[in-house]
Amino acid sequence: MAKKSYFNALTELPANIWQSIFRNPLPSSDLGRSQTSFTNFFLHIHPVKVNKHTVKPWFTMGLGLMTFFLFVILIVTGVLLMFYYVPSTEQAYNRMLDLRSSVAFGTFLRNMHRWAAHGMVAAVFLHMCRVFFTGSYKKPREFNWVLGVGLFLLTLFSSFTGYLLPWDQLAFWAITVGTAIAGYAPVFGKEIQFLLLGDTTVGQEALLRFYVLHIAVLPLVMTMMIAIHFWRIRKDGGLSRPEEADAPSRPQSDSLDTWPTELDVASAQPALAAQVVAVPAIEKKRYGIQGLVRGPFTKVGNVPDNSVFSWPNLFMAELFVFVVTVAGVIVVSLLFNAPLEEPVNIAHPPNPAKAPWYFLGLQEMVSYSAFWGGVGIPAIEVLILMLVPYLDRNTKGVGRWFAKERLLANTLFLIFVIVNIGLIIIGTFFRGPNWEFVSPW
Amino acid sequence: MRLALAIASFVILIVHGLVFYNQFFHKWERHQTAYFDQARAMAKSDSERAALEGRSPRIEQIIVTAFGGQHQVDRCTTCHIGSDDPRFKDHAQPLRSHPFSEELGDRMVNGKWERRHKFSDFGCTVCHDGQGRGLETFDAHGEDHYWPSPMLGYVTQNWRGDFKPKLKDKALMQANCAQCHTEEGFKNAPLVAKGRQLFFEKNCYGCHKIEGLSAGTLGPDLGEVGKKFKLDYLWESIVEPRANSATSFMPKFGLNDEETKALVVFLKSRRGINFSETSLDRYRASLNKEKQEAPIGTAAETAPKVDVAAGGSLIALGERLINDRSCLACHKLGNRDGGIAPDLSFEGLLKDEKWTMDHFRDPRSRVTDSIMPTFNFPETEYQAMTAYLMNLKTPPSLVDPSGMYSSLCARCHGDLGDGKGMIAVYLDPYPRDLTKAGFMSSKSDERLMNSIKNGVAGTSMPAWGRVLNDDQIRGVLDHIRKNYVKEPVRQIKARQVPDTNPVASDAASVKRGEQIFLQRCTGCHGKKADGKGPNSVDMLPRPRNLRNADFVNSTNDRRMFESILYGVQGTAMPPWLDYGLTQKDVGDLVNYLRNQSVRDGKR
């Protein structure tokens, strides 16, 4: 008997370990789906059920998540790169050469970090556009928009501080140009520049400061802010959606027919399918309330409503965004090498010396007026961006792309986007030596 | 959704496979395996074979500590693993062994070669350049065009097609020999020695500073030029000085390829502090140098000190100095012609002693925008050279106006009178384009004859009245009008121009003049009035340098008023009368310009 129980215990060991980690078996009932979401650290930030509107792929296009995943990729590759990097003007460039030649996966890591960084700047901007064009910053999500603008600026600053670290000509002169722009600020301009550089020119002090900002300060601040950003999404009642999305739907339409049917669990797991089809049966189930939340919260058990279970609908979508993001980054990293130019030569500036691409719009404006282009207009832009949810008092058109009710706001923002992208394109492709107009072809 | 997920996951898998493949199957491993295989076949004893069995591919590196401030890491032998194995002397690269040669200092001892420059001490990049840390050919050989020191004489990156073949030459490596073998005329680096000689022969030293060699200030310091620039840039800068800097006034010296190569190698060897000296040596040398009167390495070091009283030999000494000092690398004298600067053949007729001495001491005190270097020779030598030049009083043969034009004027104004003479590009202001009818036909004969006769102060136009009489001058002018201008003198409408400035020159007037100047004139004449405004680059003739005190002082008020109010025909100067300037405004402007000249004159 004892022997048998030992043997049983042994055969059950894997299952026990699995269960001790994940607490639940793979869910096959609605209760299981709820519990899986509750009990997993990484999943519990999600609600158990989300509105169907939230998982529509073309509503968010996964841009915010993509930004977050890029951030995760950056943290992982960044930590690995830190093992090889020394923030010293003597050694930094040689470390780059070593990364490229003799460190295992060195080139690949650097490529991933570089392209993910550029990608994050782009993704965070697109995410902001999405939020604006769908009117998602409106009450009660005003402050989350402000946080988002803050995160956008932090992303730019992170990328900017990282730009200097390879200590090549590209880095040196881009930072020289970038910090010079900061120097145009009135009253405190020179002091800000000095604070950033620790010196009057880009040198060892600047390298160390940028390193510390890049690897410690900014990631910590960003992690905190991302956490708050996510937490507020839940507290603000999930993603924005049009009012009609919250209306209780007819029972038969609750059979996961829009996007969830693509998952088509039926063919794979008949048992599960039976559960899914038997949705009206949920009526009998009752779930405890997990917290007291104000506002339109995805209601549990208040059926039939227009929501679906996060597991698997939401999580599958998130996994998909993750896989696509990773695939994109690694494919790009395999195809294109991160640039590494000449070692720093202070006596020999390239002509033109260009800032990183996302600041070329600024540099383009600086070429017209140092103060207005470099400080005045950008400061006003940022201020207006931050104040957008408080200035725009129109309550209509939430949760829909290019809602007619928001024609004016959307047009204004579109102009803002086009002008800024246009400036960046001019600065990147149409500016040659002495910042004169050149044709790229 | 599932399909997309599957595809994306598959892509990730494939890419990981590729990355891992790249990571674990290196080219250099294959080279090393090939080396081990062949070495095993060649091995003569069991112990040798056993030693080879014990070796497996790994990154080989030499850490060089003896050269330069930083440690150098050379991983070249990872691929070139047979470089020090004489048995591989006939193999294909990368396994071929490095050749031995007497020139490199290698010696034959007991029938075996011994290296003078042991790889374990010197590494590879000390001589060859390239990127020691690289493990791919592209990186290691410096083929990446961002890498500042590609393998000397082997790798030409993305350089200009017409330079590439000239810069693929092992001899170019001599530049690196000179990092340690700094002695003048080191026989195994003949190109460096020749380049150094050319540096003085062609008067490069007059404009360029190289610490320890020369002290010129007109051109860029070349002391670290070998560290800063690649071969193609050096070559281009010598044969086409304007290619890299549009405003360069460095002459084209017309060197042949051999000479250019020697100069390039010499310049490439200038890398600041070289391996054979310390900064302390440097400092000591600079202390010693200050005591010397003449730049090191110039003829002055060896020239005999002259007793000025012995006037007879002064002229002969001057002649020798003019020859030794390579004046004729630029100037013309008799049959020899550098093709860059004015003819000195009859300088004694054109200039006086004071002018010449002043000009020697500081050329720009006489011709404001001259490119002639200040050579800092000892005063006694200036006197000797002046004495010699003043002795050149043989006038050129002057038969007819056309002959006079070609022997006196064509060097600057060009055979066609278009202001594009042989040396025109080296003069500032440019010689007048005599074919511009707008200018020529709007100026009276008196004004033009006056310019020929008395020269134009502050420019390179000499006073030909010292060589030609009035009839001859009129003959030349007629020749010019007939053959080049080809348009009769226009009758100019009466102009209202005062003979002298009616506006009193006081501080208020100067201030007003400055305001007007800043509003109206800076686009072409520049904020400093030096003729270098932003629009000036597209204009010929160039806007006048109004800080040229000699010129401004020698130009009377009448001409100033006329030029400003009615414009200068044939140039970009517009008639400001039409743009609302009054006589009073012009008076203020003239006062402002004259006031600046007074200040410049005092300087």
# chains A, B, ... in the order shown; residues from 1 in each chain; ligands from 1
$ interface_residues --of "chain A" --to "chain B" --cutoff "6 Å" --atoms "only C-alpha atoms" --output "tab-separated table (two decimals) with all heavy atoms, in the first residue's frame"
chain	number	residue	atom	x	y	z
A	101	SER	N	32.31	42.12	-32.90
A	101	SER	CA	33.16	41.04	-33.41
A	101	SER	C	33.14	39.81	-32.53
A	101	SER	O	32.90	38.71	-33.02
A	101	SER	CB	34.59	41.54	-33.57
A	101	SER	OG	35.14	41.85	-32.32
A	320	PHE	N	-0.70	37.46	-29.36
A	320	PHE	CA	-0.47	37.71	-30.78
A	320	PHE	C	0.35	39.00	-30.97
A	320	PHE	O	1.35	39.01	-31.69
A	320	PHE	CB	-1.80	37.83	-31.52
A	320	PHE	CG	-1.65	38.11	-32.97
A	320	PHE	CD1	-1.17	37.13	-33.83
A	320	PHE	CD2	-1.95	39.36	-33.48
A	320	PHE	CE1	-1.00	37.39	-35.18
A	320	PHE	CE2	-1.78	39.61	-34.83
A	320	PHE	CZ	-1.31	38.64	-35.68
A	324	VAL	N	4.05	39.12	-32.64
A	324	VAL	CA	4.30	39.96	-33.81
A	324	VAL	C	5.40	40.98	-33.51
A	324	VAL	O	6.30	41.21	-34.32
A	324	VAL	CB	3.00	40.67	-34.24
A	324	VAL	CG1	3.30	41.81	-35.19
A	324	VAL	CG2	2.08	39.67	-34.92
A	327	ALA	N	8.70	39.18	-33.34
A	327	ALA	CA	9.11	38.75	-34.68
A	327	ALA	C	9.60	39.95	-35.48
A	327	ALA	O	10.65	39.89	-36.13
A	327	ALA	CB	7.94	38.07	-35.39
A	341	GLU	N	29.47	54.46	-36.43
A	341	GLU	CA	30.30	55.29	-37.30
A	341	GLU	C	31.72	55.40	-36.73
A	341	GLU	O	32.11	54.62	-35.88
A	341	GLU	CB	29.64	56.66	-37.47
A	341	GLU	CG	28.31	56.51	-38.19
A	341	GLU	CD	27.77	57.84	-38.72
A	341	GLU	OE1	28.35	58.89	-38.42
A	341	GLU	OE2	26.77	57.80	-39.46
A	342	GLU	N	32.44	56.41	-37.23
A	342	GLU	CA	33.82	56.59	-36.77
A	342	GLU	C	33.85	56.84	-35.27
A	342	GLU	O	32.88	57.34	-34.70
A	342	GLU	CB	34.47	57.81	-37.44
A	342	GLU	CG	34.65	57.72	-38.92
A	342	GLU	CD	33.52	58.40	-39.67
A	342	GLU	OE1	32.38	58.40	-39.15
A	342	GLU	OE2	33.78	58.91	-40.76
$ residues_around --residues "B:Pro488" --least-positions-apart "6" --cutoff "12 Å" --atoms "only C-alpha atoms" --output "list of chain:residue names"
B:Ala437, B:Gly438, B:Phe439, B:Met440, B:Ser441, B:Ser442, B:Lys443, B:Ser444, B:Asp445, B:Asp478, B:Ile480, B:Arg481, B:Lys482
$ write_last_selection --atoms "all heavy atoms" --output "JSON list (two decimals), in the first residue's frame"
[["chain", "number", "residue", "atom", "x", "y", "z"],
["B", 437, "ALA", "N", 31.50, 94.49, -70.84],
["B", 437, "ALA", "CA", 31.29, 95.78, -71.46],
["B", 437, "ALA", "C", 30.60, 96.74, -70.49],
["B", 437, "ALA", "O", 30.88, 97.93, -70.46],
["B", 437, "ALA", "CB", 30.48, 95.62, -72.73],
["B", 438, "GLY", "N", 29.70, 96.20, -69.70],
["B", 438, "GLY", "CA", 28.96, 97.04, -68.77],
["B", 438, "GLY", "C", 29.90, 97.86, -67.91],
["B", 438, "GLY", "O", 29.70, 99.05, -67.70],
["B", 439, "PHE", "N", 30.93, 97.20, -67.42],
["B", 439, "PHE", "CA", 31.89, 97.92, -66.58],
["B", 439, "PHE", "C", 32.79, 98.82, -67.42],
["B", 439, "PHE", "O", 32.92, 100.02, -67.19],
["B", 439, "PHE", "CB", 32.73, 96.93, -65.79],
["B", 439, "PHE", "CG", 33.77, 97.59, -64.94],
["B", 439, "PHE", "CD1", 33.42, 98.12, -63.69],
["B", 439, "PHE", "CD2", 35.08, 97.71, -65.37],
["B", 439, "PHE", "CE1", 34.37, 98.75, -62.92],
["B", 439, "PHE", "CE2", 36.03, 98.34, -64.58],
["B", 439, "PHE", "CZ", 35.67, 98.86, -63.35],
["B", 440, "MET", "N", 33.40, 98.20, -68.42],
["B", 440, "MET", "CA", 34.45, 98.90, -69.18],
["B", 440, "MET", "C", 33.92, 100.13, -69.90],
["B", 440, "MET", "O", 34.59, 101.15, -69.97],
["B", 440, "MET", "CB", 35.10, 97.95, -70.19],
["B", 440, "MET", "CG", 35.87, 96.81, -69.55],
["B", 440, "MET", "SD", 37.23, 97.37, -68.53],
["B", 440, "MET", "CE", 38.37, 97.94, -69.80],
["B", 441, "SER", "N", 32.71, 100.02, -70.45],
["B", 441, "SER", "CA", 32.25, 101.15, -71.26],
["B", 441, "SER", "C", 31.59, 102.22, -70.41],
["B", 441, "SER", "O", 31.27, 103.29, -70.90],
["B", 441, "SER", "CB", 31.31, 100.66, -72.36],
["B", 441, "SER", "OG", 30.24, 99.98, -71.76],
["B", 442, "SER", "N", 31.38, 101.94, -69.13],
["B", 442, "SER", "CA", 30.79, 102.98, -68.30],
["B", 442, "SER", "C", 31.86, 103.76, -67.55],
["B", 442, "SER", "O", 31.54, 104.69, -66.81],
["B", 442, "SER", "CB", 29.80, 102.37, -67.31],
["B", 442, "SER", "OG", 30.50, 101.60, -66.36],
["B", 443, "LYS", "N", 33.11, 103.34, -67.71],
["B", 443, "LYS", "CA", 34.18, 104.05, -67.00],
["B", 443, "LYS", "C", 34.97, 104.89, -68.00],
["B", 443, "LYS", "O", 35.25, 104.45, -69.13],
["B", 443, "LYS", "CB", 35.12, 103.04, -66.32],
["B", 443, "LYS", "CG", 34.43, 102.20, -65.25],
["B", 443, "LYS", "CD", 34.22, 102.97, -63.98],
["B", 443, "LYS", "CE", 33.33, 102.23, -63.00],
["B", 443, "LYS", "NZ", 31.90, 102.44, -63.20],
["B", 444, "SER", "N", 35.31, 106.05, -67.55],
["B", 444, "SER", "CA", 36.03, 106.95, -68.46],
["B", 444, "SER", "C", 37.46, 106.44, -68.68],
["B", 444, "SER", "O", 37.99, 105.68, -67.86],
["B", 444, "SER", "CB", 36.07, 108.34, -67.85],
["B", 444, "SER", "OG", 36.84, 108.29, -66.66],
["B", 445, "ASP", "N", 38.05, 106.84, -69.78],
["B", 445, "ASP", "CA", 39.43, 106.46, -70.06],
["B", 445, "ASP", "C", 40.37, 106.93, -68.96],
["B", 445, "ASP", "O", 41.29, 106.23, -68.57],
["B", 445, "ASP", "CB", 39.87, 107.05, -71.40],
["B", 445, "ASP", "CG", 39.42, 106.17, -72.56],
["B", 445, "ASP", "OD1", 38.71, 105.18, -72.27],
["B", 445, "ASP", "OD2", 39.79, 106.45, -73.72],
["B", 478, "ASP", "N", 43.68, 100.90, -75.44],
["B", 478, "ASP", "CA", 43.00, 100.79, -76.72],
["B", 478, "ASP", "C", 42.94, 99.34, -77.18],
["B", 478, "ASP", "O", 41.92, 98.87, -77.70],
["B", 478, "ASP", "CB", 43.72, 101.64, -77.79],
["B", 478, "ASP", "CG", 43.49, 103.13, -77.56],
["B", 478, "ASP", "OD1", 42.54, 103.44, -76.79],
["B", 478, "ASP", "OD2", 44.23, 103.95, -78.11],
["B", 480, "ILE", "N", 42.90, 96.78, -75.34],
["B", 480, "ILE", "CA", 41.87, 96.07, -74.54],
["B", 480, "ILE", "C", 40.47, 96.43, -75.05],
["B", 480, "ILE", "O", 39.64, 95.55, -75.28],
["B", 480, "ILE", "CB", 42.00, 96.45, -73.04],
["B", 480, "ILE", "CG1", 43.29, 95.86, -72.47],
["B", 480, "ILE", "CG2", 40.79, 95.96, -72.25],
["B", 480, "ILE", "CD1", 43.64, 96.38, -71.10],
["B", 481, "ARG", "N", 40.24, 97.70, -75.24],
["B", 481, "ARG", "CA", 38.91, 98.11, -75.70],
["B", 481, "ARG", "C", 38.58, 97.48, -77.04],
["B", 481, "ARG", "O", 37.46, 97.03, -77.27],
["B", 481, "ARG", "CB", 38.86, 99.64, -75.83],
["B", 481, "ARG", "CG", 38.74, 100.35, -74.50],
["B", 481, "ARG", "CD", 37.92, 101.62, -74.69],
["B", 481, "ARG", "NE", 37.89, 102.45, -73.48],
["B", 481, "ARG", "CZ", 37.10, 102.21, -72.44],
["B", 481, "ARG", "NH1", 36.32, 101.16, -72.44],
["B", 481, "ARG", "NH2", 37.13, 103.00, -71.40],
["B", 482, "LYS", "N", 39.58, 97.45, -77.93],
["B", 482, "LYS", "CA", 39.31, 96.96, -79.28],
["B", 482, "LYS", "C", 39.10, 95.44, -79.30],
["B", 482, "LYS", "O", 38.17, 94.93, -79.91],
["B", 482, "LYS", "CB", 40.48, 97.34, -80.20],
["B", 482, "LYS", "CG", 40.06, 97.40, -81.67],
["B", 482, "LYS", "CD", 41.15, 98.05, -82.51],
["B", 482, "LYS", "CE", 42.25, 97.06, -82.77],
["B", 482, "LYS", "NZ", 43.51, 97.66, -83.18]]
